[in-house]
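Report on the structure given below.
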Amino acid sequence: MRMFERTIVVALVMGAAAALAPASAFEGTPVNPENTAIPVASSQPGTAPVLKKAIQGEATTTSLTALQYAAEGGHPIAQWRLGRMYADGNGVAQDDLRAFDYFSKIANAHAEDSPSAPQAAVVANAFVALGRYYLDGIPNSKIKRDPERAREMFSYAASYFGNADAQYDLARLYIDGIGMPRDFRYGARWLGLAAQKGQHQAQAMLGQLLFNGEKLPKQAARGLMWLTLARDSAAPDETWIKDSYNRAFAKASDDDRAMALQMLEHWVQGRRD
């Protein structure tokens, strides 16, 4: 993504965060990209071990306090953990606005960090989380449905950080024509990038398109390969993936199944090398 496009995205995040946070807590001032070292909340005795447990998901009153302390100090991993806790209602009362605020702080302060920085994955995931909030908006809040802004969040995480979840979400927007004109070929390109990185939802969707020949040249064996990979990684509630695999397998010829197996073995071996 070109620099001026990144600046627009950062400005959008800053604007949203400023609307949510009290002026004394967050002014939306961008952090100098040259000064992005992650602070460690260890100035108080015994804080670092508690923070480590909190980040790993052991939510207790003490660890929650440590997370909040670290988050106020600008620790992006602590901010991410708290954001997920409020988004999911895990150990705290569910609060999408507070989750949005934590994700905004991460994106605002670290948008220009190097994609190879230790915290890059957390930053990219924060952009994805923000994009998903913008897709539907947050009821009874200032965060309204804004598919165009969602696209910008996904596009930034997909192109600058190479985040596979963002690539999948962006593909869905292009394929469904949400927040932009429908562009099936561009959507398929993003699906392919995400699928190659192991994003199982992208693998399932790409597999469907290839197996059925929907807007893409029909490649039944390759489609079945992607559906097989997706099925093996699908969560229990992702029945659409398993159903898609079962339908494709039932329709596939013996030759398609044999070729899909060869492709699968080759793909797995390539991931090991």
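FYI, nothing fancy with the structure tokens labels: chains A, B, ... in order, residues from 1 per chain, ligands from 1 as they appear.
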
- Which polymer residues have any atom within 8 Å of an atom of range 234-240 of chain A, counting only C-alpha atoms, with same-chain residues fewer than 4 positions away left out, as a list in words?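 Near neighbours after the sequence-gap exclusion: His200, Gln201, Ala230 and Ser244 of chain A.
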
Once you have the residues from the selection above, write them out as an mmCIF file, in the first residue's frame, restricted to N, CA and C atoms.
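Below you can see selection-v9.cif, which holds the result:
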```
data_model
loop_
_atom_site.group_PDB
_atom_site.id
_atom_site.type_symbol
_atom_site.label_atom_id
_atom_site.label_comp_id
_atom_site.auth_asym_id
_atom_site.auth_seq_id
_atom_site.Cartn_x
_atom_site.Cartn_y
_atom_site.Cartn_z
ATOM 1 N N HIS A 200 -7.904 -21.334 6.649
ATOM 2 C CA HIS A 200 -8.775 -22.427 6.217
ATOM 3 C C HIS A 200 -10.096 -21.963 5.605
ATOM 4 N N GLN A 201 -10.598 -20.800 6.037
ATOM 5 C CA GLN A 201 -11.839 -20.293 5.437
ATOM 6 C C GLN A 201 -11.597 -19.888 3.979
ATOM 7 N N ALA A 230 -9.150 -27.393 4.190
ATOM 8 C CA ALA A 230 -10.055 -26.581 5.002
ATOM 9 C C ALA A 230 -10.836 -27.443 5.981
ATOM 10 N N SER A 244 -19.426 -28.422 2.392
ATOM 11 C CA SER A 244 -18.869 -28.146 1.066
ATOM 12 C C SER A 244 -17.925 -29.259 0.640
#
```

- Message: What's around range 74-87 of chain A at 7 Å? Count only C-alpha atoms, leave out sequence neighbours fewer than 2 positions away in its own chain, and write the answer as an MDAnalysis selection string.
- Response: chainID A and resid 38:40 55 67 70:72 89:96 98:100 102:103 106 122

Export, as a short mmCIF file (atom, residue, chain, number, x, y, z; two decimals), in the first residue's frame, the selected residues with N, CA and C atoms.
```cif
data_model
loop_
_atom_site.label_atom_id
_atom_site.label_comp_id
_atom_site.auth_asym_id
_atom_site.auth_seq_id
_atom_site.Cartn_x
_atom_site.Cartn_y
_atom_site.Cartn_z
N ILE A 38 8.51 -1.81 22.61
CA ILE A 38 7.39 -2.18 23.47
C ILE A 38 7.79 -2.00 24.93
N PRO A 39 7.09 -1.14 25.68
CA PRO A 39 7.41 -0.99 27.10
C PRO A 39 6.99 -2.23 27.87
N VAL A 40 7.77 -2.60 28.86
CA VAL A 40 7.44 -3.75 29.69
C VAL A 40 7.03 -3.26 31.06
N ILE A 55 -1.21 -12.37 29.81
CA ILE A 55 -1.16 -12.41 28.36
C ILE A 55 -1.43 -13.81 27.85
N LEU A 67 -2.51 -6.35 33.35
CA LEU A 67 -2.79 -6.07 31.95
C LEU A 67 -3.16 -4.61 31.75
N ALA A 70 -0.12 -2.41 32.09
CA ALA A 70 0.74 -2.50 30.91
C ALA A 70 0.09 -1.82 29.71
N ALA A 71 -1.20 -1.98 29.56
CA ALA A 71 -1.91 -1.36 28.43
C ALA A 71 -1.83 0.15 28.51
N GLU A 72 -1.98 0.72 29.72
CA GLU A 72 -1.87 2.17 29.88
C GLU A 72 -0.46 2.64 29.53
N GLY A 89 -16.10 -11.05 26.20
CA GLY A 89 -16.68 -11.18 27.54
C GLY A 89 -15.97 -12.25 28.33
N ASN A 90 -14.66 -12.34 28.17
CA ASN A 90 -13.85 -13.37 28.82
C ASN A 90 -13.18 -12.81 30.07
N GLY A 91 -13.76 -13.08 31.24
CA GLY A 91 -13.20 -12.59 32.50
C GLY A 91 -13.62 -11.17 32.84
N VAL A 92 -14.31 -10.52 31.91
CA VAL A 92 -14.82 -9.16 32.13
C VAL A 92 -16.19 -9.07 31.47
N ALA A 93 -16.92 -8.02 31.79
CA ALA A 93 -18.22 -7.81 31.14
C ALA A 93 -17.98 -7.47 29.67
N GLN A 94 -18.72 -8.11 28.78
CA GLN A 94 -18.55 -7.89 27.35
C GLN A 94 -18.82 -6.43 27.01
N ASP A 95 -17.90 -5.80 26.27
CA ASP A 95 -18.03 -4.38 25.97
C ASP A 95 -17.30 -4.11 24.65
N ASP A 96 -18.05 -4.04 23.55
CA ASP A 96 -17.44 -3.85 22.24
C ASP A 96 -16.77 -2.49 22.09
N ARG A 98 -15.18 -0.76 24.44
CA ARG A 98 -13.87 -0.80 25.08
C ARG A 98 -12.90 -1.64 24.26
N ALA A 99 -13.40 -2.73 23.69
CA ALA A 99 -12.56 -3.55 22.82
C ALA A 99 -12.09 -2.72 21.63
N PHE A 100 -13.03 -2.00 21.01
CA PHE A 100 -12.70 -1.16 19.86
C PHE A 100 -11.64 -0.13 20.24
N TYR A 102 -9.29 -0.33 22.57
CA TYR A 102 -7.97 -0.96 22.71
C TYR A 102 -7.38 -1.28 21.34
N PHE A 103 -8.18 -1.82 20.43
CA PHE A 103 -7.68 -2.14 19.10
C PHE A 103 -7.26 -0.87 18.36
N ILE A 106 -3.80 0.31 19.46
CA ILE A 106 -2.73 -0.47 18.84
C ILE A 106 -2.49 0.00 17.41
N VAL A 122 0.23 -8.76 16.12
CA VAL A 122 -0.79 -8.15 16.97
C VAL A 122 -1.36 -6.89 16.32
#
```

- Could you give me, as a count of residues only, the residues within 9 Å of range 218-229 of chain A, counting only C-alpha atoms and dropping anything in the same chain fewer than 5 positions from it? 34

- Query: CA of Gln167 in chain A and CA of Asn140 in chain A are how many Å apart?
  - Reply: 29.2 Å

- Using CA of Ala158 in chain A and CA of Pro115 in chain A as the two end points, give the distance in Å to one decimal.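 According to the coordinates, CA of Ala158 in chain A and CA of Pro115 in chain A are separated by 11.0 Å.
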
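Rounded to one decimal, CA of Ala107 in chain A and CA of Leu130 in chain A lie 8.8 Å from each other.
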
- So which residues of range 63-264 of chain A fall under alpha helix (DSSP H) by DSSP, listed as number ranges by chain? A: 63-72, 76-88, 96-110, 120-136, 147-159, 164-176, 184-196, 200-212, 220-233, 239-251, 254-264

- Which neighbours of range 178-194 of chain A fall inside 8 Å, counting only C-alpha atoms, when residues of the same chain fewer than 6 positions from it are skipped, and could you give them as a VMD selection string? chain A and resid 146 to 148 151 163 to 165 167 to 168 170 to 172 202 to 203 205 to 206 215
